[in-house]
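Peer 1: Questions regarding the structure given below will be posed in turn.
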Amino acid sequence: MCATIAAIAALLASMKTTAPAGCFFRMRSAIQIVPAVQPIVESLRTGHPLDEGTGLGPVISEAEAVRVEREIREAVEAGATLVTGGRRDGAVVAPSILGDVDPSLDISRKELFGPAVALTPVAGIDEAIA
C-alpha cells in the first residue's frame, strides 16, 4: 500500500510523459488509497520551476493548461469525483486526483500530459483488463 501511495504522489510530482493516465484499484484498496494520498498531493507546492520550494511547475503553455483543466472538468461532468485540485492559474494546473473515473473517458484512456491522476475502482483483475 505504501508503495502505491508513493507512486501516485511521484506520478503527480514528476509529470513524466511516460506516466500512466489512469490507475485501477480494487474497490477495497481505493477506499484506503485516496485519503492517504490526498494530503501528499495537496502538499505539492506549485510555482516557478527554478524556485527551490516548487514541487510542481507549469505545463508547457497556458493553452495546454486550459486543455488539462477542461479534461478534468469534463471527467467531473461525466460523473468522476474531484478529490483535490482541478484549478488553473495561468500555465500552472493544481495537482489533481479524480476518483470513480469511468474507464471509457479520455482522461483514463489517453495521456493527459498534466498533473492529474484518474482512479478507477474495479472488482478485480478481470474487470481492470476488460
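Simple scheme: letters A, B, ... for chains in C-alpha cells order, numbers from 1 for residues in each chain, numbers from 1 for ligands in the order shown.
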Skip Pro58 in chain A itself and residues of its chain fewer than 5 positions away, then list as a VMD selection string all residues within 12 Å of it, counting only C-alpha atoms.
Peer 2: chain A and resid 13 to 15 45 to 50 63 to 66 68 88 to 95 113 to 115
Peer 1: Quick one: residues within 12 Å of Asp106 in chain A, only C-alpha atoms counted, chain neighbours fewer than 2 positions away excluded, as an NGL selection string?
Peer 2: :A and (21-22 or 68 or 70-75 or 78 or 101-104 or 108-112 or 118)
Peer 1: Extract the full set of alpha helix (DSSP H) residues from range 14-123 of chain A according to DSSP on the backbone, and format it as a PyMOL selection string.
Peer 2: chain A and resi 14+27-42+62-77+106-109
Peer 1: Now that the selection is made, can you save its residues with N, CA and C atoms as a compact mmCIF listing (two decimals), in the first residue's frame?
Peer 2:
# COMPACT_ATOMS: atom_id res chain seq x y z
N SER A 14 6.18 14.41 -10.74
CA SER A 14 7.16 14.36 -11.82
C SER A 14 6.59 14.78 -13.17
N MET A 27 -11.63 -2.18 -5.31
CA MET A 27 -12.52 -1.26 -4.60
C MET A 27 -12.13 -1.09 -3.14
N ARG A 28 -11.77 -2.18 -2.50
CA ARG A 28 -11.39 -2.14 -1.08
C ARG A 28 -10.13 -1.28 -0.89
N SER A 29 -9.16 -1.40 -1.79
CA SER A 29 -7.92 -0.63 -1.69
C SER A 29 -8.15 0.85 -1.97
N ALA A 30 -9.01 1.17 -2.92
CA ALA A 30 -9.26 2.57 -3.28
C ALA A 30 -9.76 3.36 -2.08
N ILE A 31 -10.55 2.73 -1.24
CA ILE A 31 -11.08 3.40 -0.04
C ILE A 31 -9.93 3.83 0.87
N GLN A 32 -8.85 3.05 0.90
CA GLN A 32 -7.70 3.38 1.74
C GLN A 32 -6.72 4.32 1.04
N ILE A 33 -6.56 4.17 -0.26
CA ILE A 33 -5.55 4.93 -1.01
C ILE A 33 -5.87 6.40 -1.09
N VAL A 34 -7.10 6.75 -1.43
CA VAL A 34 -7.44 8.16 -1.65
C VAL A 34 -7.16 9.02 -0.42
N PRO A 35 -7.65 8.66 0.78
CA PRO A 35 -7.36 9.51 1.94
C PRO A 35 -5.87 9.55 2.29
N ALA A 36 -5.13 8.52 1.94
CA ALA A 36 -3.70 8.51 2.25
C ALA A 36 -2.91 9.38 1.29
N VAL A 37 -3.30 9.40 0.02
CA VAL A 37 -2.53 10.13 -0.98
C VAL A 37 -2.95 11.61 -1.08
N GLN A 38 -4.18 11.92 -0.73
CA GLN A 38 -4.68 13.29 -0.86
C GLN A 38 -3.81 14.33 -0.15
N PRO A 39 -3.43 14.14 1.13
CA PRO A 39 -2.61 15.17 1.77
C PRO A 39 -1.21 15.30 1.14
N ILE A 40 -0.68 14.22 0.59
CA ILE A 40 0.61 14.29 -0.07
C ILE A 40 0.50 15.15 -1.32
N VAL A 41 -0.53 14.90 -2.10
CA VAL A 41 -0.75 15.66 -3.33
C VAL A 41 -1.02 17.12 -3.01
N GLU A 42 -1.84 17.37 -2.00
CA GLU A 42 -2.18 18.76 -1.63
C GLU A 42 -0.97 19.52 -1.08
N GLU A 62 0.09 27.98 -21.57
CA GLU A 62 -1.22 28.26 -20.98
C GLU A 62 -2.32 27.55 -21.76
N ALA A 63 -2.17 27.46 -23.07
CA ALA A 63 -3.18 26.75 -23.88
C ALA A 63 -3.28 25.29 -23.44
N GLU A 64 -2.15 24.66 -23.14
CA GLU A 64 -2.17 23.27 -22.66
C GLU A 64 -2.79 23.19 -21.27
N ALA A 65 -2.53 24.18 -20.43
CA ALA A 65 -3.13 24.20 -19.10
C ALA A 65 -4.65 24.31 -19.20
N VAL A 66 -5.13 25.11 -20.14
CA VAL A 66 -6.58 25.23 -20.37
C VAL A 66 -7.14 23.88 -20.79
N ARG A 67 -6.41 23.17 -21.67
CA ARG A 67 -6.86 21.85 -22.14
C ARG A 67 -6.92 20.86 -20.97
N VAL A 68 -5.89 20.85 -20.13
CA VAL A 68 -5.86 19.94 -18.98
C VAL A 68 -7.03 20.24 -18.04
N GLU A 69 -7.24 21.52 -17.76
CA GLU A 69 -8.35 21.93 -16.90
C GLU A 69 -9.69 21.48 -17.50
N ARG A 70 -9.82 21.60 -18.80
CA ARG A 70 -11.05 21.19 -19.49
C ARG A 70 -11.27 19.67 -19.38
N GLU A 71 -10.19 18.90 -19.55
CA GLU A 71 -10.29 17.43 -19.44
C GLU A 71 -10.75 17.03 -18.04
N ILE A 72 -10.20 17.70 -17.03
CA ILE A 72 -10.60 17.41 -15.65
C ILE A 72 -12.08 17.75 -15.46
N ARG A 73 -12.48 18.93 -15.92
CA ARG A 73 -13.88 19.36 -15.78
C ARG A 73 -14.83 18.39 -16.50
N GLU A 74 -14.45 17.96 -17.71
CA GLU A 74 -15.30 17.03 -18.47
C GLU A 74 -15.44 15.70 -17.74
N ALA A 75 -14.38 15.23 -17.10
CA ALA A 75 -14.47 13.99 -16.33
C ALA A 75 -15.44 14.14 -15.17
N VAL A 76 -15.37 15.28 -14.49
CA VAL A 76 -16.28 15.54 -13.36
C VAL A 76 -17.72 15.62 -13.87
N GLU A 77 -17.92 16.30 -14.99
CA GLU A 77 -19.27 16.39 -15.57
C GLU A 77 -19.81 15.03 -15.97
N ASP A 106 -11.62 9.83 -21.85
CA ASP A 106 -10.29 10.16 -22.37
C ASP A 106 -9.26 10.32 -21.26
N ILE A 107 -9.64 10.91 -20.13
CA ILE A 107 -8.69 11.15 -19.05
C ILE A 107 -8.15 9.84 -18.48
N SER A 108 -8.89 8.75 -18.67
CA SER A 108 -8.45 7.44 -18.23
C SER A 108 -7.72 6.68 -19.33
N ARG A 109 -8.06 6.93 -20.57
CA ARG A 109 -7.53 6.17 -21.70
C ARG A 109 -6.32 6.79 -22.38
Peer 1: List every residue of range 16-114 of chain A that DSSP, applied to the backbone of this structure, places in strand (DSSP E or B), and write the result as a list in words.
Peer 2: Gly22, Cys23, Phe24, Phe25, Arg26, Thr46, Leu56, Thr81, Leu82, Val83, Thr84, Arg88, Asp89, Val92, Val93, Ser96, Ile97, Leu98 and Gly99 of chain A
